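As stored in final11.txt (compact mmCIF, C-alpha atoms and all ligand atoms):
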```
# COMPACT_ATOMS: atom_id res chain seq x y z
CA MET J 1 -186.49 126.93 -99.19
CA THR J 2 -190.06 127.41 -100.29
CA THR J 3 -191.11 130.97 -99.55
CA PRO J 4 -194.59 131.89 -98.44
CA SER J 5 -194.97 133.87 -101.64
CA ASP J 6 -194.99 130.70 -103.71
CA GLY J 7 -198.41 129.99 -105.10
CA LEU J 8 -199.90 133.30 -103.93
CA GLY J 9 -200.70 135.36 -106.99
CA ALA J 10 -201.15 139.05 -106.13
CA GLY J 11 -204.82 139.89 -106.10
CA SER J 12 -205.99 136.27 -106.49
CA PRO J 13 -209.32 135.82 -104.69
CA ALA J 14 -208.29 132.77 -102.68
CA PRO J 15 -204.71 131.97 -101.73
CA VAL J 16 -203.29 128.66 -102.80
CA LEU J 17 -201.32 128.66 -99.58
CA ASP J 18 -203.34 127.30 -96.70
CA ARG J 19 -202.83 126.94 -92.97
CA ALA J 20 -201.25 123.52 -93.34
CA ALA J 21 -198.64 125.04 -95.64
CA CYS J 22 -197.93 127.68 -92.97
CA VAL J 23 -197.47 124.96 -90.37
CA ARG J 24 -195.00 123.24 -92.71
CA LEU J 25 -193.09 126.52 -93.02
CA ASP J 26 -192.96 126.70 -89.22
CA ASP J 27 -191.66 123.12 -89.05
CA ALA J 28 -188.86 124.00 -91.48
CA ASP J 29 -188.00 127.31 -89.77
CA PRO J 30 -184.35 127.40 -88.60
CA LEU J 31 -185.29 129.89 -85.84
CA ARG J 32 -188.15 127.81 -84.49
CA SER J 33 -186.40 126.61 -81.35
CA LEU J 34 -185.98 130.23 -80.21
CA ARG J 35 -189.70 130.37 -79.54
CA ASP J 36 -188.97 128.37 -76.38
CA GLU J 37 -186.76 131.17 -75.09
CA PHE J 38 -189.85 133.35 -74.57
CA LEU J 39 -192.85 132.96 -72.31
CA LEU J 40 -196.19 133.98 -73.78
CA PRO J 41 -199.60 133.21 -72.28
CA PRO J 42 -201.18 130.11 -73.84
CA GLY J 43 -203.47 130.92 -76.75
CA THR J 44 -201.82 134.28 -77.41
CA ILE J 45 -200.43 135.43 -80.73
CA TYR J 46 -198.14 138.30 -79.88
CA LEU J 47 -197.63 140.83 -82.68
CA ASP J 48 -196.61 143.82 -80.59
CA GLY J 49 -192.90 143.17 -80.17
CA ASN J 50 -192.34 146.45 -82.02
CA SER J 51 -193.78 148.16 -78.94
CA LEU J 52 -192.92 145.86 -76.02
CA GLY J 53 -191.02 142.66 -76.68
CA ALA J 54 -192.10 139.37 -75.09
CA ARG J 55 -190.64 138.11 -71.85
CA PRO J 56 -187.49 136.00 -72.18
CA THR J 57 -187.77 132.75 -70.23
CA GLY J 58 -184.83 133.57 -67.95
CA ALA J 59 -185.98 137.11 -67.05
CA ALA J 60 -187.81 136.27 -63.81
CA GLU J 61 -185.00 134.08 -62.56
CA ARG J 62 -182.46 136.82 -63.28
CA ALA J 63 -184.60 139.43 -61.51
CA GLN J 64 -184.93 137.10 -58.52
CA GLU J 65 -181.17 136.56 -58.45
CA VAL J 66 -180.49 140.30 -58.51
CA ILE J 67 -183.06 141.00 -55.79
CA ALA J 68 -182.30 138.09 -53.47
CA GLU J 69 -178.58 137.60 -53.90
CA GLU J 70 -176.94 140.64 -55.42
CA TRP J 71 -179.05 143.19 -53.57
CA GLY J 72 -180.36 141.13 -50.63
CA THR J 73 -177.08 139.48 -49.66
CA GLY J 74 -174.40 141.40 -51.50
CA LEU J 75 -175.89 144.78 -50.60
CA ILE J 76 -173.68 147.69 -51.60
CA ARG J 77 -170.75 145.38 -52.27
CA SER J 78 -172.51 144.32 -55.48
CA TRP J 79 -171.56 147.54 -57.26
CA ASN J 80 -168.14 145.91 -57.52
CA ASP J 81 -168.67 142.23 -56.77
CA ALA J 82 -171.67 141.70 -59.06
CA GLY J 83 -170.38 144.07 -61.73
CA TRP J 84 -173.26 146.55 -61.39
CA PHE J 85 -171.06 149.53 -62.10
CA ASP J 86 -169.90 148.07 -65.41
CA LEU J 87 -173.34 147.02 -66.68
CA PRO J 88 -173.86 150.04 -69.00
CA ALA J 89 -170.63 149.30 -70.86
CA LYS J 90 -171.04 145.51 -70.70
CA LEU J 91 -174.53 145.67 -72.18
CA GLY J 92 -173.33 148.33 -74.59
CA GLU J 93 -170.85 145.83 -76.06
CA LYS J 94 -173.71 143.37 -76.59
CA VAL J 95 -175.88 145.99 -78.31
CA ALA J 96 -172.91 147.07 -80.44
CA GLY J 97 -172.62 143.49 -81.68
CA ILE J 98 -176.25 143.60 -82.82
CA VAL J 99 -176.12 147.00 -84.55
CA GLY J 100 -172.62 146.86 -86.03
CA GLY J 101 -171.20 149.43 -83.65
CA GLY J 102 -167.74 148.07 -82.89
CA ALA J 103 -166.02 147.76 -79.52
CA GLY J 104 -166.08 150.66 -77.06
CA THR J 105 -168.75 152.61 -78.92
CA THR J 106 -171.97 151.95 -77.02
CA VAL J 107 -173.45 152.26 -73.55
CA VAL J 108 -176.86 151.19 -72.30
CA THR J 109 -178.43 153.89 -70.16
CA ASP J 110 -181.39 156.22 -69.66
CA THR J 111 -184.16 156.49 -72.26
CA THR J 112 -184.06 156.97 -76.01
CA SER J 113 -185.47 160.49 -75.60
CA ILE J 114 -182.77 161.48 -73.10
CA ASN J 115 -180.00 159.88 -75.14
CA LEU J 116 -181.20 161.72 -78.23
CA PHE J 117 -180.90 165.00 -76.37
CA LYS J 118 -177.32 164.14 -75.41
CA VAL J 119 -176.13 163.19 -78.90
CA ALA J 120 -178.00 165.92 -80.74
CA SER J 121 -176.51 168.48 -78.38
CA ALA J 122 -172.99 167.06 -78.83
CA ALA J 123 -173.48 167.01 -82.62
CA CYS J 124 -174.59 170.65 -82.63
CA ARG J 125 -171.51 171.61 -80.63
CA ILE J 126 -169.23 169.78 -83.04
CA GLN J 127 -170.85 171.60 -85.94
CA ALA J 128 -170.71 174.93 -84.09
CA ALA J 129 -166.94 174.44 -84.05
CA ASP J 130 -166.59 173.12 -87.61
CA ALA J 131 -169.37 174.92 -89.48
CA PRO J 132 -170.73 177.75 -87.29
CA GLU J 133 -173.06 179.06 -90.00
CA ARG J 134 -175.18 175.89 -89.75
CA SER J 135 -178.00 176.02 -87.18
CA VAL J 136 -180.79 173.79 -88.50
CA ILE J 137 -181.63 170.34 -87.17
CA LEU J 138 -183.52 168.39 -89.79
CA THR J 139 -185.79 165.50 -88.91
CA GLN J 140 -188.72 163.56 -90.33
CA ARG J 141 -192.16 165.13 -90.04
CA GLU J 142 -193.38 161.56 -89.46
CA ASN J 143 -190.72 160.82 -86.88
CA PHE J 144 -191.76 159.44 -83.51
CA PRO J 145 -193.05 162.59 -81.80
CA SER J 146 -190.76 162.37 -78.78
CA ASP J 147 -187.73 162.78 -81.06
CA ILE J 148 -189.16 166.00 -82.46
CA TYR J 149 -190.14 167.22 -78.99
CA MET J 150 -186.62 166.59 -77.65
CA LEU J 151 -185.07 168.48 -80.55
CA GLU J 152 -187.48 171.36 -79.93
CA GLY J 153 -186.36 171.38 -76.30
CA LEU J 154 -182.74 171.37 -77.39
CA VAL J 155 -183.00 174.31 -79.79
CA GLU J 156 -184.78 176.27 -77.08
CA GLN J 157 -181.73 175.72 -74.87
CA LEU J 158 -179.28 176.46 -77.66
CA GLY J 159 -180.95 179.73 -78.68
CA ASP J 160 -178.80 181.58 -81.23
CA GLY J 161 -181.06 181.00 -84.21
CA TYR J 162 -181.15 177.22 -83.93
CA GLU J 163 -184.30 175.66 -85.36
CA VAL J 164 -185.88 172.28 -86.01
CA ARG J 165 -186.99 171.77 -89.59
CA LEU J 166 -189.26 168.89 -90.68
CA VAL J 167 -188.98 166.93 -93.91
CA ASP J 168 -191.27 164.37 -95.51
CA ASP J 169 -190.21 160.73 -95.73
CA ALA J 170 -190.26 160.98 -99.54
CA GLU J 171 -187.63 163.75 -99.40
CA VAL J 172 -185.42 161.57 -97.18
CA ALA J 173 -185.84 158.50 -99.40
CA ALA J 174 -184.91 160.59 -102.45
CA GLY J 175 -181.61 161.66 -100.83
CA PHE J 176 -182.71 165.17 -99.81
CA PRO J 177 -182.97 166.91 -103.21
CA ASN J 178 -184.25 170.10 -101.54
CA ALA J 179 -184.00 170.08 -97.77
CA LEU J 180 -180.29 169.56 -97.17
CA THR J 181 -179.22 173.17 -97.52
CA ASP J 182 -176.02 174.67 -96.16
CA GLU J 183 -177.97 175.79 -93.06
CA VAL J 184 -178.34 172.18 -91.87
CA ALA J 185 -176.02 171.15 -89.07
CA VAL J 186 -177.49 167.81 -88.02
CA VAL J 187 -179.98 165.34 -89.47
CA VAL J 188 -181.87 163.09 -87.05
CA LEU J 189 -183.65 160.17 -88.68
CA THR J 190 -185.55 157.20 -87.40
CA HIS J 191 -184.37 154.18 -89.37
CA VAL J 192 -187.78 152.46 -89.48
CA ASN J 193 -190.92 154.60 -89.28
CA TYR J 194 -192.87 153.57 -86.17
CA ARG J 195 -196.24 153.93 -87.86
CA THR J 196 -195.76 152.61 -91.39
CA GLY J 197 -192.75 150.33 -90.94
CA ARG J 198 -190.90 152.12 -93.77
CA LEU J 199 -187.15 151.47 -93.69
CA PHE J 200 -184.56 153.98 -94.91
CA ASP J 201 -181.23 153.02 -96.44
CA MET J 202 -178.75 153.94 -93.74
CA ALA J 203 -175.56 153.88 -95.83
CA GLU J 204 -176.96 155.82 -98.78
CA THR J 205 -178.78 158.35 -96.63
CA THR J 206 -175.78 158.91 -94.37
CA ALA J 207 -173.60 159.47 -97.45
CA ALA J 208 -176.09 162.07 -98.73
CA ILE J 209 -176.12 163.81 -95.33
CA HIS J 210 -172.32 163.93 -95.21
CA ALA J 211 -172.15 165.18 -98.80
CA GLY J 212 -174.45 168.00 -97.67
CA GLY J 213 -172.07 168.90 -94.84
CA ALA J 214 -174.24 167.67 -91.95
CA LEU J 215 -173.89 164.99 -89.25
CA ALA J 216 -176.17 161.94 -89.21
CA ILE J 217 -177.91 160.68 -86.07
CA TRP J 218 -180.01 157.52 -86.33
CA ASP J 219 -182.83 156.35 -84.05
CA LEU J 220 -182.81 152.54 -84.14
CA CYS J 221 -185.82 151.89 -81.90
CA HIS J 222 -187.59 149.88 -84.60
CA SER J 223 -184.55 148.31 -86.20
CA ALA J 224 -182.22 147.12 -83.41
CA GLY J 225 -182.83 143.38 -83.14
CA ALA J 226 -185.31 143.46 -86.01
CA LEU J 227 -182.93 143.59 -88.96
CA GLU J 228 -179.26 143.81 -89.88
CA VAL J 229 -177.81 147.18 -88.94
CA ASP J 230 -174.22 148.22 -89.64
CA LEU J 231 -173.67 151.61 -88.00
CA ALA J 232 -169.91 151.68 -88.48
CA GLY J 233 -170.12 150.34 -92.04
CA ALA J 234 -172.71 152.97 -92.93
CA GLY J 235 -170.43 155.71 -91.61
CA ALA J 236 -173.10 156.97 -89.20
CA ASP J 237 -172.09 159.57 -86.63
CA MET J 238 -174.32 158.82 -83.66
CA ALA J 239 -177.27 156.58 -82.82
CA VAL J 240 -179.80 155.89 -80.09
CA GLY J 241 -182.41 153.22 -79.59
CA CYS J 242 -184.41 151.29 -77.04
CA THR J 243 -184.03 147.75 -75.71
CA TYR J 244 -187.67 147.11 -74.86
CA LYS J 245 -188.98 146.44 -78.38
CA PHE J 246 -187.22 143.91 -80.63
CA LEU J 247 -184.43 143.42 -78.07
CA ASN J 248 -186.93 142.13 -75.48
CA GLY J 249 -185.39 143.95 -72.51
CA GLY J 250 -188.61 144.44 -70.52
CA PRO J 251 -191.00 147.35 -69.92
CA GLY J 252 -189.07 150.60 -69.64
CA SER J 253 -185.70 148.87 -69.93
CA PRO J 254 -182.80 151.27 -70.53
CA ALA J 255 -181.95 152.58 -73.98
CA PHE J 256 -178.58 152.70 -75.73
CA VAL J 257 -176.39 155.39 -77.17
CA TRP J 258 -173.72 154.86 -79.83
CA VAL J 259 -171.17 157.42 -80.96
CA SER J 260 -168.61 156.81 -83.71
CA GLU J 261 -165.10 156.49 -82.39
CA ALA J 262 -164.01 159.63 -84.24
CA LEU J 263 -166.58 161.87 -82.54
CA GLN J 264 -166.82 160.36 -79.07
CA THR J 265 -164.43 162.66 -77.28
CA ARG J 266 -164.83 165.88 -79.23
CA PHE J 267 -167.26 167.30 -76.70
CA SER J 268 -168.88 166.17 -73.51
CA GLN J 269 -172.61 165.74 -73.57
CA PRO J 270 -174.72 168.31 -71.69
CA LEU J 271 -176.14 166.02 -68.97
CA SER J 272 -172.73 165.86 -67.34
CA GLY J 273 -173.48 163.80 -64.26
CA TRP J 274 -171.02 161.88 -62.14
CA TRP J 275 -171.40 158.56 -63.98
CA GLY J 276 -169.88 160.21 -67.05
CA HIS J 277 -167.00 161.67 -65.04
CA ARG J 278 -163.50 160.34 -65.63
CA GLN J 279 -163.13 159.43 -61.94
CA PRO J 280 -166.57 159.48 -60.36
CA PHE J 281 -165.38 158.35 -56.94
CA GLU J 282 -162.69 160.96 -56.65
CA MET J 283 -165.58 163.33 -55.89
CA GLU J 284 -163.88 166.22 -57.61
CA PRO J 285 -165.69 169.58 -57.45
CA SER J 286 -165.62 169.97 -61.23
CA TYR J 287 -166.58 167.79 -64.20
CA THR J 288 -164.00 166.04 -66.35
CA PRO J 289 -165.58 163.70 -68.91
CA ALA J 290 -164.54 160.05 -69.17
CA ASP J 291 -162.23 159.28 -72.06
CA GLY J 292 -164.58 157.24 -74.21
CA ILE J 293 -168.26 156.41 -74.60
CA ARG J 294 -168.77 156.32 -70.81
CA ARG J 295 -169.02 160.11 -70.93
CA TYR J 296 -172.53 159.57 -72.31
CA LEU J 297 -173.66 158.25 -68.92
CA THR J 298 -175.29 160.65 -66.47
CA GLY J 299 -176.37 159.22 -63.11
CA THR J 300 -177.05 156.00 -61.22
CA GLN J 301 -178.58 153.31 -63.39
CA GLY J 302 -181.65 151.15 -62.79
CA ILE J 303 -179.75 147.96 -62.04
CA LEU J 304 -182.78 145.69 -61.85
CA SER J 305 -184.05 146.79 -65.21
CA MET J 306 -180.59 146.71 -66.73
CA SER J 307 -179.92 143.19 -65.43
CA VAL J 308 -183.15 141.87 -66.91
CA ALA J 309 -182.44 143.62 -70.22
CA GLU J 310 -179.25 141.58 -70.49
CA VAL J 311 -181.29 138.37 -70.66
CA GLY J 312 -183.03 139.67 -73.79
CA LEU J 313 -179.75 140.77 -75.34
CA ASP J 314 -178.13 137.42 -74.69
CA VAL J 315 -180.64 135.66 -76.95
CA PHE J 316 -178.97 137.49 -79.85
CA GLY J 317 -175.67 135.82 -79.03
CA ARG J 318 -177.28 132.64 -80.35
CA VAL J 319 -178.82 134.19 -83.46
CA ASP J 320 -177.58 135.17 -86.91
CA MET J 321 -179.20 138.50 -87.83
CA ALA J 322 -179.28 137.43 -91.49
CA ASP J 323 -181.63 134.58 -90.49
CA VAL J 324 -183.73 137.01 -88.45
CA ARG J 325 -184.06 139.38 -91.41
CA ALA J 326 -184.86 136.57 -93.87
CA LYS J 327 -187.66 135.27 -91.65
CA SER J 328 -188.96 138.75 -90.90
CA LEU J 329 -189.35 139.46 -94.61
CA ALA J 330 -190.93 136.05 -95.26
CA LEU J 331 -193.46 136.71 -92.46
CA SER J 332 -194.31 140.20 -93.70
CA ASP J 333 -194.56 138.98 -97.32
CA LEU J 334 -197.02 136.35 -96.14
CA PHE J 335 -198.98 138.88 -94.10
CA ILE J 336 -199.26 141.35 -96.98
CA GLU J 337 -200.21 138.68 -99.50
CA LEU J 338 -202.89 137.28 -97.24
CA VAL J 339 -204.32 140.75 -96.60
CA ASP J 340 -204.43 141.33 -100.37
CA ALA J 341 -206.03 137.97 -101.00
CA ARG J 342 -208.44 137.70 -98.06
CA LEU J 343 -209.40 141.25 -97.04
CA SER J 344 -209.60 143.16 -100.30
CA HIS J 345 -213.43 143.39 -100.07
CA HIS J 346 -212.97 145.65 -97.04
CA PRO J 347 -211.61 149.23 -96.85
CA VAL J 348 -208.21 147.97 -95.79
CA GLU J 349 -204.96 149.34 -97.11
CA VAL J 350 -201.43 148.09 -96.54
CA VAL J 351 -199.32 151.16 -95.73
CA THR J 352 -196.05 149.29 -95.20
CA PRO J 353 -193.81 149.38 -98.29
CA ARG J 354 -193.92 146.27 -100.41
CA GLU J 355 -190.26 146.44 -101.49
CA HIS J 356 -188.05 144.51 -99.11
CA ALA J 357 -185.39 147.22 -99.08
CA ALA J 358 -187.92 149.71 -97.70
CA ARG J 359 -189.61 147.47 -95.14
CA GLY J 360 -188.83 147.05 -91.43
CA SER J 361 -190.22 144.20 -89.33
CA GLN J 362 -193.88 145.14 -89.07
CA VAL J 363 -196.93 145.32 -91.28
CA SER J 364 -199.28 148.26 -90.86
CA ILE J 365 -202.71 148.40 -92.39
CA THR J 366 -205.36 151.06 -92.22
CA HIS J 367 -209.08 150.70 -91.68
CA PRO J 368 -211.49 153.57 -90.87
CA GLU J 369 -212.48 151.72 -87.65
CA GLY J 370 -208.93 150.63 -86.91
CA PHE J 371 -209.12 151.12 -83.15
CA ALA J 372 -212.26 149.02 -82.74
CA VAL J 373 -210.97 146.33 -85.11
CA MET J 374 -207.74 146.01 -83.11
CA SER J 375 -209.72 145.90 -79.88
CA ALA J 376 -211.80 143.00 -81.27
CA LEU J 377 -208.63 141.20 -82.33
CA ILE J 378 -207.08 141.60 -78.90
CA THR J 379 -210.20 140.12 -77.31
CA ARG J 380 -209.37 136.98 -79.30
CA GLY J 381 -205.84 136.85 -77.89
CA ILE J 382 -204.18 138.31 -80.99
CA ILE J 383 -202.24 141.33 -79.78
CA GLY J 384 -201.14 144.11 -82.09
CA ASP J 385 -201.67 147.81 -81.51
CA TYR J 386 -203.22 150.94 -82.93
CA ARG J 387 -201.74 154.31 -83.86
CA GLU J 388 -203.58 157.37 -85.05
CA PRO J 389 -204.81 157.82 -87.70
CA GLU J 390 -206.51 154.52 -88.53
CA VAL J 391 -203.33 152.40 -88.38
CA LEU J 392 -203.30 148.82 -87.09
CA ARG J 393 -199.72 147.75 -86.45
CA PHE J 394 -198.52 144.16 -86.44
CA GLY J 395 -194.96 143.69 -85.24
CA LEU J 396 -193.31 140.55 -86.57
CA THR J 397 -190.60 139.40 -84.19
CA PRO J 398 -189.00 136.42 -85.96
CA LEU J 399 -187.74 134.98 -82.67
CA TYR J 400 -191.22 134.05 -81.48
CA VAL J 401 -193.73 134.68 -84.29
CA GLY J 402 -194.51 131.91 -86.79
CA TYR J 403 -196.16 131.57 -90.19
CA ALA J 404 -199.29 129.92 -88.78
CA ASP J 405 -199.61 132.90 -86.40
CA VAL J 406 -199.77 135.18 -89.43
CA TRP J 407 -202.35 132.96 -91.09
CA ASP J 408 -204.51 132.89 -87.94
CA THR J 409 -204.26 136.65 -87.54
CA VAL J 410 -205.46 137.45 -91.05
CA GLU J 411 -208.25 134.86 -90.73
CA ALA J 412 -209.37 136.44 -87.45
CA LEU J 413 -209.29 139.87 -89.09
CA ARG J 414 -211.42 138.55 -91.94
CA GLU J 415 -214.04 137.22 -89.54
CA ILE J 416 -214.05 140.40 -87.47
CA LEU J 417 -214.53 142.52 -90.60
CA ASP J 418 -216.98 140.21 -92.39
CA ASP J 419 -219.20 139.90 -89.31
CA ARG J 420 -218.66 143.49 -88.06
CA LEU J 421 -217.59 142.07 -84.71
CA TRP J 422 -215.77 145.33 -84.01
CA ASP J 423 -219.03 147.31 -84.12
CA VAL J 424 -219.98 147.09 -80.44
CA PRO J 425 -219.52 149.71 -77.69
CA GLN J 426 -216.92 147.67 -75.78
CA HIS J 427 -214.47 147.98 -78.70
CA LYS J 428 -214.75 151.77 -78.86
CA VAL J 429 -213.55 152.55 -75.34
CA ARG J 430 -209.96 153.79 -75.25
CA GLY J 431 -207.46 153.38 -72.41
CA ALA J 432 -204.64 155.84 -71.78
CA VAL J 433 -202.26 153.70 -73.85
CA THR J 434 -203.34 152.41 -77.26
C1 LIG J 501 -188.74 155.67 -82.84
C2 LIG J 501 -188.85 156.00 -81.39
N1 LIG J 501 -188.06 156.95 -80.88
C3 LIG J 501 -188.14 157.31 -79.58
C4 LIG J 501 -189.02 156.69 -78.73
C5 LIG J 501 -189.09 157.15 -77.30
O1 LIG J 501 -188.45 156.24 -76.46
P1 LIG J 501 -188.37 156.50 -74.88
O2 LIG J 501 -189.74 156.50 -74.37
O3 LIG J 501 -187.55 155.33 -74.39
O4 LIG J 501 -187.67 157.78 -74.67
C6 LIG J 501 -189.84 155.67 -79.22
C7 LIG J 501 -190.79 155.00 -78.32
O5 LIG J 501 -191.54 154.13 -78.66
C8 LIG J 501 -189.77 155.33 -80.59
O6 LIG J 501 -190.55 154.40 -81.12
```
Starting from the file, lay out its structure as structure tokens.
Amino acid sequence: MTTPSDGLGAGSPAPVLDRAACVRLDDADPLRSLRDEFLLPPGTIYLDGNSLGARPTGAAERAQEVIAEEWGTGLIRSWNDAGWFDLPAKLGEKVAGIVGGGAGTTVVTDTTSINLFKVASAACRIQAADAPERSVILTQRENFPSDIYMLEGLVEQLGDGYEVRLVDDAEVAAGFPNALTDEVAVVVLTHVNYRTGRLFDMAETTAAIHAGGALAIWDLCHSAGALEVDLAGAGADMAVGCTYKFLNGGPGSPAFVWVSEALQTRFSQPLSGWWGHRQPFEMEPSYTPADGIRRYLTGTQGILSMSVAEVGLDVFGRVDMADVRAKSLALSDLFIELVDARLSHHPVEVVTPREHAARGSQVSITHPEGFAVMSALITRGIIGDYREPEVLRFGLTPLYVGYADVWDTVEALREILDDRLWDVPQHKVRGAVT
């Protein structure tokens, strides 16, 4: 297949590729029909699926079914009759299929932050038994802040000299030449950096962590559904991630937690609520954890949200992740090459790695007036987002983003920058969420 790179010399002033060529790439795209599985407002180019995925076509119907029939008519009987009680494990199996987890390893529940607390705590307890001299949790300085905050909360609870230590992405990518000392118990890494889109090699990095005597926990928020992940193949120990980004589960949809078979039952997690109990309806006065991954559940689940999340997950049953990854890279190659070719007369810098092996499914660029530029773009119906400092993020969800969308986005950026359309008061007002 012709790739979007063809004919686009790096740094050439005008790309040979034009919009018509992008439309031809869309026509030849094997994933094109999936676009119809999502509902987007007419005239919208949606490049924020790395923050909140688009709405799957069947989501409203499923929500209506749960509200009217399962809840409205079935009432409490639906915990059994409609399979509500089993949804965390049922959806967990579907997520496991997408991230290479294997059967019986994953449940969908709670939030990524809460699930990280559970697994990091369990990992520290395992290490306290196996290597009691180790009391450092290592994580990326550039990690999503909530991950760092949760680990800080955990070490405060653990006491006993536990500490969170931060490392730079470069140290991680180099296989920890300095930071992985014999004090480190657990390493928590986000697979794709939320701001830059940098991807870390899970298998190599996990091997380095194990060689250093630590356990490896991965945060897959920006990789689940965006690229091929093989948790079991990489030998990872534990993982968490959300379903509302590339998995299109809906706003605030529940997260997932994966624990390798070998470690699942070594300890119970600290949020030992009745849903993780071996026999929750025996109402025993003391906690006994469930035998497998169910012990990572805590309390009653948001059934509406969980039911809608399943609609997003089911799209992946019809998709080969290799095709998703190939298109994602083709889209980001095109985006980067067009930025190089069309925007180089502006103070714009691509901060997403150019090597495929180090790139997730987004392109991030910086501009000193990034917030206002993104605001101007959104006014035109092209939706990305902004993260401090100066970063404009463009999520490329191959299921519903096309090559012509990328072309149109870079053209709109060029007009906004050339004509300083961002430089008006309306584009400098910030809401609570950027
Ligand atoms: C990498 C990463 N980790 C953790 C989180 C926090 O997720 P939650 O709000 O579901 O706890 C996010 C949220 O965007 C994220 O991007």
At a cut-off of 6 Å around ligand LIG 501 (chain J), and using only C-alpha atoms and all ligand atoms, what residues come up? Please write them as a ChimeraX atom specification.
/J:111-113,144,146-147,190,194,221,242
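Remark: for Asn50 (chain J), the closest of the candidate residues J:Val311, J:Ile365, J:Leu220, J:Ile114 is J:Leu220 (distances computed over only C-alpha atoms).
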In Å, with one decimal, what is the gap from CA of Val95 (chain J) to CA of Glu142 (chain J)?
25.9 Å
Ala262 (chain J) surroundings by all atoms listed in the file, 12 Å radius, close-in-sequence under 2 positions cut, as JSON, numbers by chain
{"J": [104, 105, 126, 232, 235, 236, 237, 238, 258, 259, 260, 264, 265, 266, 267, 292, 293]}
Enumerate, as a ChimeraX atom specification, the protein, DNA and RNA residues whose atoms approach (-193.3, 154.8, -98.0) to within 7 Å, taking into account all atoms listed in the file and the coordinate frame of the file.
/J:198,352-353
